[in-house]
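Pasting model-v1.tsv here (TSV, C-alpha atoms):
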chain	number	residue	atom	x	y	z
C	1	MET	CA	-16.38	25.06	-18.23
C	2	GLY	CA	-12.98	25.25	-16.66
C	3	SER	CA	-9.88	25.19	-18.81
C	4	VAL	CA	-7.73	22.11	-19.21
C	5	GLY	CA	-5.05	23.66	-17.02
C	6	VAL	CA	-7.45	24.24	-14.13
C	7	GLN	CA	-8.77	20.68	-14.38
C	8	ILE	CA	-5.25	19.25	-14.35
C	9	VAL	CA	-4.42	21.32	-11.26
C	10	CYS	CA	-7.60	20.05	-9.58
C	11	VAL	CA	-6.66	16.46	-10.40
C	12	GLY	CA	-3.25	17.03	-8.82
C	13	LEU	CA	-4.78	18.60	-5.72
C	14	GLY	CA	-7.27	15.75	-5.46
C	15	LEU	CA	-4.56	13.11	-5.73
C	16	LEU	CA	-2.41	14.81	-3.10
C	17	GLY	CA	-5.42	15.15	-0.82
C	18	LEU	CA	-6.34	11.51	-1.31
C	19	ILE	CA	-2.81	10.32	-0.54
C	20	GLY	CA	-2.69	12.53	2.54
C	21	THR	CA	-6.03	11.21	3.78
C	22	ILE	CA	-4.97	7.58	3.28
C	23	VAL	CA	-1.67	8.13	5.11
C	24	CYS	CA	-3.47	10.03	7.87
C	25	CYS	CA	-5.90	7.15	8.29
C	26	ALA	CA	-3.22	4.46	8.24
C	27	ILE	CA	-0.35	5.64	10.44
C	28	PRO	CA	-0.78	5.49	14.26
C	29	ARG	CA	0.10	9.11	15.02
C	30	TRP	CA	-3.22	10.66	15.98
C	31	LYS	CA	-2.28	10.96	19.65
C	32	VAL	CA	1.23	10.77	21.14
C	33	SER	CA	2.51	10.78	24.71
C	34	ALA	CA	2.72	14.18	26.37
C	35	PHE	CA	5.70	14.53	28.68
C	36	ALA	CA	4.07	16.92	31.12
C	37	GLY	CA	3.92	17.03	34.88
C	38	ASP	CA	6.26	15.62	37.48
C	39	THR	CA	6.27	12.02	36.26
C	40	ILE	CA	8.19	12.03	33.02
C	41	VAL	CA	8.91	8.66	31.46
C	42	ILE	CA	11.47	8.99	28.70
C	43	ALA	CA	12.14	5.27	28.28
C	44	GLN	CA	9.10	4.82	26.08
C	45	SER	CA	6.34	6.77	24.39
C	46	THR	CA	2.86	5.85	23.26
C	47	GLN	CA	1.38	6.49	19.84
C	48	GLU	CA	-2.32	5.99	19.21
C	49	GLY	CA	-3.98	5.69	15.83
C	50	LEU	CA	-7.29	4.66	14.36
C	51	TRP	CA	-6.33	1.00	14.08
C	52	THR	CA	-3.34	0.32	16.33
C	53	ASN	CA	-1.71	1.43	19.55
C	54	CYS	CA	2.09	1.50	19.49
C	55	VAL	CA	4.75	1.73	22.17
C	56	VAL	CA	8.12	3.12	21.03
C	57	GLN	CA	11.17	2.39	23.16
C	58	SER	CA	14.04	4.83	23.58
C	59	THR	CA	16.20	2.36	21.65
C	60	GLY	CA	13.99	2.78	18.58
C	61	GLN	CA	12.13	-0.50	18.88
C	62	GLN	CA	8.42	-0.25	18.25
C	63	GLN	CA	5.65	-2.64	19.24
C	64	CYS	CA	2.15	-2.18	17.88
C	65	LYS	CA	-1.07	-3.90	18.83
C	66	ASN	CA	-4.45	-3.76	17.17
C	67	TYR	CA	-7.34	-2.63	19.27
C	68	ASP	CA	-9.21	-5.57	20.76
C	69	SER	CA	-12.61	-4.04	20.09
C	70	LEU	CA	-14.11	-1.01	18.42
C	71	LEU	CA	-15.93	-0.24	21.66
C	72	VAL	CA	-12.68	0.43	23.54
C	73	LEU	CA	-11.96	3.41	21.29
C	74	PRO	CA	-13.09	6.88	22.34
C	75	SER	CA	-15.99	8.35	20.41
C	76	ASP	CA	-13.81	10.73	18.40
C	77	LEU	CA	-11.64	7.93	17.03
C	78	GLN	CA	-14.68	5.78	16.27
C	79	ALA	CA	-16.16	8.62	14.24
C	80	ALA	CA	-12.78	9.34	12.63
C	81	ARG	CA	-12.62	5.80	11.30
C	82	ALA	CA	-15.92	6.18	9.49
C	83	LEU	CA	-15.32	9.75	8.31
C	84	THR	CA	-11.84	9.13	6.89
C	85	ILE	CA	-12.91	5.97	5.07
C	86	ILE	CA	-15.95	7.73	3.58
C	87	SER	CA	-13.71	10.64	2.64
C	88	CYS	CA	-11.29	8.35	0.78
C	89	MET	CA	-14.08	6.58	-1.08
C	90	LEU	CA	-15.78	9.86	-2.01
C	91	CYS	CA	-12.50	11.37	-3.20
C	92	CYS	CA	-11.75	8.31	-5.37
C	93	LEU	CA	-15.22	8.50	-6.91
C	94	SER	CA	-14.89	12.25	-7.52
C	95	LEU	CA	-11.52	11.83	-9.25
C	96	LEU	CA	-12.95	9.08	-11.44
C	97	ILE	CA	-15.88	11.31	-12.44
C	98	LEU	CA	-13.47	14.18	-13.10
C	99	PHE	CA	-11.30	12.03	-15.36
C	100	CYS	CA	-14.34	10.94	-17.34
C	101	GLY	CA	-15.74	14.45	-17.70
C	102	ALA	CA	-12.53	16.41	-18.17
C	103	ASP	CA	-11.66	18.24	-21.38
C	104	PHE	CA	-8.37	16.38	-21.73
C	105	THR	CA	-10.08	12.97	-21.96
C	106	THR	CA	-12.44	11.47	-24.53
C	107	CYS	CA	-14.34	9.10	-22.25
C	108	ILE	CA	-17.50	11.20	-22.65
C	109	GLN	CA	-18.33	12.51	-26.11
C	110	ASN	CA	-21.30	14.61	-25.01
C	111	GLU	CA	-19.90	18.11	-24.50
C	112	ASP	CA	-22.99	19.25	-22.61
C	113	ALA	CA	-22.51	16.56	-19.96
C	114	LYS	CA	-18.85	17.36	-19.23
C	115	PRO	CA	-19.46	20.58	-17.24
C	116	LYS	CA	-22.06	18.81	-15.12
C	117	MET	CA	-19.70	15.94	-14.38
C	118	SER	CA	-16.92	18.36	-13.43
C	119	LEU	CA	-19.31	20.16	-11.09
C	120	VAL	CA	-20.35	16.88	-9.45
C	121	ALA	CA	-16.67	15.96	-9.02
C	122	GLY	CA	-15.98	19.35	-7.45
C	123	VAL	CA	-18.82	18.97	-4.94
C	124	GLY	CA	-17.58	15.47	-4.09
C	125	MET	CA	-14.05	16.74	-3.42
C	126	LEU	CA	-15.42	19.54	-1.25
C	127	LEU	CA	-17.41	17.06	0.85
C	128	SER	CA	-14.41	14.75	1.08
C	129	GLY	CA	-12.21	17.54	2.40
C	130	ILE	CA	-14.85	18.66	4.91
C	131	LEU	CA	-15.23	15.12	6.24
C	132	VAL	CA	-11.52	14.60	6.90
C	133	ILE	CA	-11.22	18.04	8.53
C	134	ILE	CA	-14.16	17.22	10.82
C	135	ALA	CA	-12.51	13.93	11.79
C	136	VAL	CA	-9.12	15.37	12.73
C	137	SER	CA	-10.57	18.51	14.32
C	138	TRP	CA	-12.85	16.48	16.57
C	139	SER	CA	-9.94	14.33	17.72
C	140	ALA	CA	-7.70	17.38	18.19
C	141	HIS	CA	-10.35	19.13	20.29
C	142	ASN	CA	-10.73	16.15	22.63
C	143	THR	CA	-6.96	15.73	22.92
C	144	VAL	CA	-6.39	19.37	23.83
C	145	GLN	CA	-9.33	19.32	26.25
C	146	ASN	CA	-7.99	16.26	28.08
C	147	PHE	CA	-4.49	17.74	28.15
C	148	HIS	CA	-5.70	20.78	30.08
C	149	ASN	CA	-8.02	18.75	32.30
C	150	PRO	CA	-6.52	18.64	35.82
C	151	LEU	CA	-8.48	15.48	36.60
C	152	VAL	CA	-6.57	13.50	33.94
C	153	ALA	CA	-3.37	11.91	35.17
C	154	SER	CA	-0.13	13.13	33.61
C	155	SER	CA	0.66	9.66	32.29
C	156	LEU	CA	-2.63	9.64	30.38
C	157	LYS	CA	-2.25	13.06	28.78
C	158	ARG	CA	-1.73	13.07	25.03
C	159	GLU	CA	-0.56	15.58	22.45
C	160	LEU	CA	-1.50	16.08	18.81
C	161	GLY	CA	0.27	13.66	16.50
C	162	ALA	CA	1.46	14.11	12.94
C	163	SER	CA	-1.69	12.54	11.52
C	164	ILE	CA	-3.78	15.45	12.77
C	165	PHE	CA	-1.72	18.02	10.87
C	166	LEU	CA	-1.53	15.80	7.81
C	167	GLY	CA	-5.31	15.44	7.87
C	168	TRP	CA	-5.77	19.21	8.02
C	169	ALA	CA	-3.42	19.67	5.06
C	170	ALA	CA	-5.18	16.98	3.03
C	171	GLY	CA	-8.58	18.50	3.79
C	172	VAL	CA	-7.44	21.95	2.66
C	173	LEU	CA	-6.08	20.53	-0.61
C	174	LEU	CA	-9.35	18.71	-1.31
C	175	ILE	CA	-11.45	21.77	-0.52
C	176	LEU	CA	-9.21	23.94	-2.72
C	177	GLY	CA	-9.45	21.50	-5.63
C	178	GLY	CA	-13.19	21.08	-5.25
C	179	GLY	CA	-13.71	24.83	-4.97
C	180	LEU	CA	-11.78	25.47	-8.17
C	181	LEU	CA	-13.84	22.88	-10.02
C	182	CYS	CA	-17.11	24.36	-8.78
C	183	CYS	CA	-16.03	27.89	-9.77
C	184	PHE	CA	-14.83	26.99	-13.27
C	185	SER	CA	-17.55	24.45	-14.14
C	186	ARG	CA	-20.60	26.07	-15.70
C	187	PRO	CA	-23.35	23.63	-16.70
C	188	GLY	CA	-24.87	24.62	-20.01
C	189	SER	CA	-21.64	25.90	-21.54
C	190	GLY	CA	-20.48	22.59	-22.96
C	191	SER	CA	-20.15	24.06	-26.44
C	192	GLY	CA	-17.32	26.23	-25.13
C	193	GLY	CA	-19.03	29.46	-26.16
C	194	THR	CA	-18.55	28.78	-29.90
C	195	ALA	CA	-21.38	30.15	-32.01
C	196	LYS	CA	-23.16	27.58	-34.13
C	197	TYR	CA	-25.31	28.58	-37.06
C	198	TYR	CA	-27.33	27.06	-39.83
C	199	SER	CA	-28.80	28.35	-43.02
C	200	ASN	CA	-32.56	28.53	-43.50
C	201	SER	CA	-32.39	29.43	-47.14
C	202	ALA	CA	-31.00	27.75	-50.20
C	203	GLY	CA	-28.43	30.46	-50.82
C	204	GLY	CA	-27.36	30.58	-47.23
C	205	ALA	CA	-27.81	34.37	-47.14
C	206	ASN	CA	-29.84	34.36	-43.94
C	207	LYS	CA	-28.13	32.67	-41.00
C	208	ASN	CA	-29.65	32.09	-37.59
C	209	TYR	CA	-27.13	31.92	-34.74
C	210	VAL	CA	-27.74	29.72	-31.71

Serialized structure, structure tokens:
Amino acid sequence: MGSVGVQIVCVGLGLLGLIGTIVCCAIPRWKVSAFAGDTIVIAQSTQEGLWTNCVVQSTGQQQCKNYDSLLVLPSDLQAARALTIISCMLCCLSLLILFCGADFTTCIQNEDAKPKMSLVAGVGMLLSGILVIIAVSWSAHNTVQNFHNPLVASSLKRELGASIFLGWAAGVLLILGGGLLCCFSRPGSGSGGTAKYYSNSAGGANKNYV
């Protein structure tokens, strides 16, 4: 099973990835106004997120409005809502399992079960990272495609917002933490490689190692 140091590093990576995913899901910076073409409006800019649509004035004032219906969202943002929420829930569950099965905690006394729990936590973190990367990559692909589409009006063109890059970073951290856990967790080695023996004779001369 992985050392205590590796598990602590994985916990840190998981926490950073979870925070990044939550912030990515919450802030309305998935798509921002693209000042391209002949009609450039600098008085205000638009910022679109998973939950709200904001208009930022040149004076710094910002007005946000929740989407009236889920059906008005494009398909990539609808899927991103589900994927990021599932990713956050899966990451929380994986961190909880990791805490319970880690070497630096005493929640689980069975040493044989700890490597298996760490492996399950690692797989969960891997899946969580993959989900958030799929969500932001899908949205980024559609944004770039529409930006280069000549049939889309310049005022409707959007660029990649900060949430996209934050989501990529969070996904990489989760995949890195989950990969480390999977590599250093070996089910069946809960005894830590320490040889155990018992005596099968009264004098203890003959010892069988297991």

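Interatomic distance, atom CA of Leu15 of chain C to atom CA of Ser75 of chain C: 28.9 Å.
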
*Please provide as a ChimeraX atom specification all residues within 10 Å of segment 45-52 of chain C, with the sequence filter that same-chain residues fewer than 5 positions apart are discarded (counting all atoms listed in the file).*
/C:24-35,57-58,62-68,70,73,76-81,84,156,158-159,161,163

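Across the structure, atom CA of Leu13 of chain C and atom CA of Ser137 of chain C are spaced 20.9 Å apart.
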
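Across the structure, atom CA of Leu174 of chain C and atom CA of Ala82 of chain C are spaced 17.8 Å apart.
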
*Find the residue from C:Ala121, C:Val152, C:Ile19, C:Leu71 that sits nearest to Leu180 of chain C; use all atoms listed in the file when measuring.*
C:Ala121

*Of the candidates C:Val72, C:Cys88, C:Val55, C:Ala170, which one gets nearest to Gly20 of chain C if we count all atoms listed in the file?*
C:Ala170

*In terms of the shortest atom-to-atom distance over all atoms listed in the file, which of C:Val132, C:Cys183, C:Leu96, C:Ile108 is closest to Phe165 of chain C?*
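Smallest distance to Phe165 of chain C is found for C:Val132.
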
*Taking into account only C-alpha atoms, which residue in the set C:Cys91, C:Leu166, C:Ala102, C:Leu173 is nearest to Ile8 of chain C?*
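Of all the options, C:Ala102 lies closest to Ile8 of chain C.
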
*Which of these, C:Ile97, C:Leu160, C:Gly179, C:Leu126, has the shortest distance to Ala113 of chain C once you count only C-alpha atoms?*
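Closest candidate: C:Ile97.
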
*Residue nearest Pro115 of chain C - candidates C:Trp168, C:Phe147, C:Phe99, C:Trp138, atoms counted: only C-alpha atoms*: C:Phe99

May I have the residues at most 9 Å from (-15.0, 18.1, 1.2) in the file's coordinates, counting all atoms listed in the file, as a tab-separated table (two decimals) with C-alpha atoms, in the coordinates of the input?
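This went into result_37.tsv:
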chain	number	residue	atom	x	y	z
C	87	SER	CA	-13.71	10.64	2.64
C	90	LEU	CA	-15.78	9.86	-2.01
C	91	CYS	CA	-12.50	11.37	-3.20
C	122	GLY	CA	-15.98	19.35	-7.45
C	123	VAL	CA	-18.82	18.97	-4.94
C	124	GLY	CA	-17.58	15.47	-4.09
C	125	MET	CA	-14.05	16.74	-3.42
C	126	LEU	CA	-15.42	19.54	-1.25
C	127	LEU	CA	-17.41	17.06	0.85
C	128	SER	CA	-14.41	14.75	1.08
C	129	GLY	CA	-12.21	17.54	2.40
C	130	ILE	CA	-14.85	18.66	4.91
C	131	LEU	CA	-15.23	15.12	6.24
C	132	VAL	CA	-11.52	14.60	6.90
C	133	ILE	CA	-11.22	18.04	8.53
C	171	GLY	CA	-8.58	18.50	3.79
C	172	VAL	CA	-7.44	21.95	2.66
C	174	LEU	CA	-9.35	18.71	-1.31
C	175	ILE	CA	-11.45	21.77	-0.52
C	178	GLY	CA	-13.19	21.08	-5.25
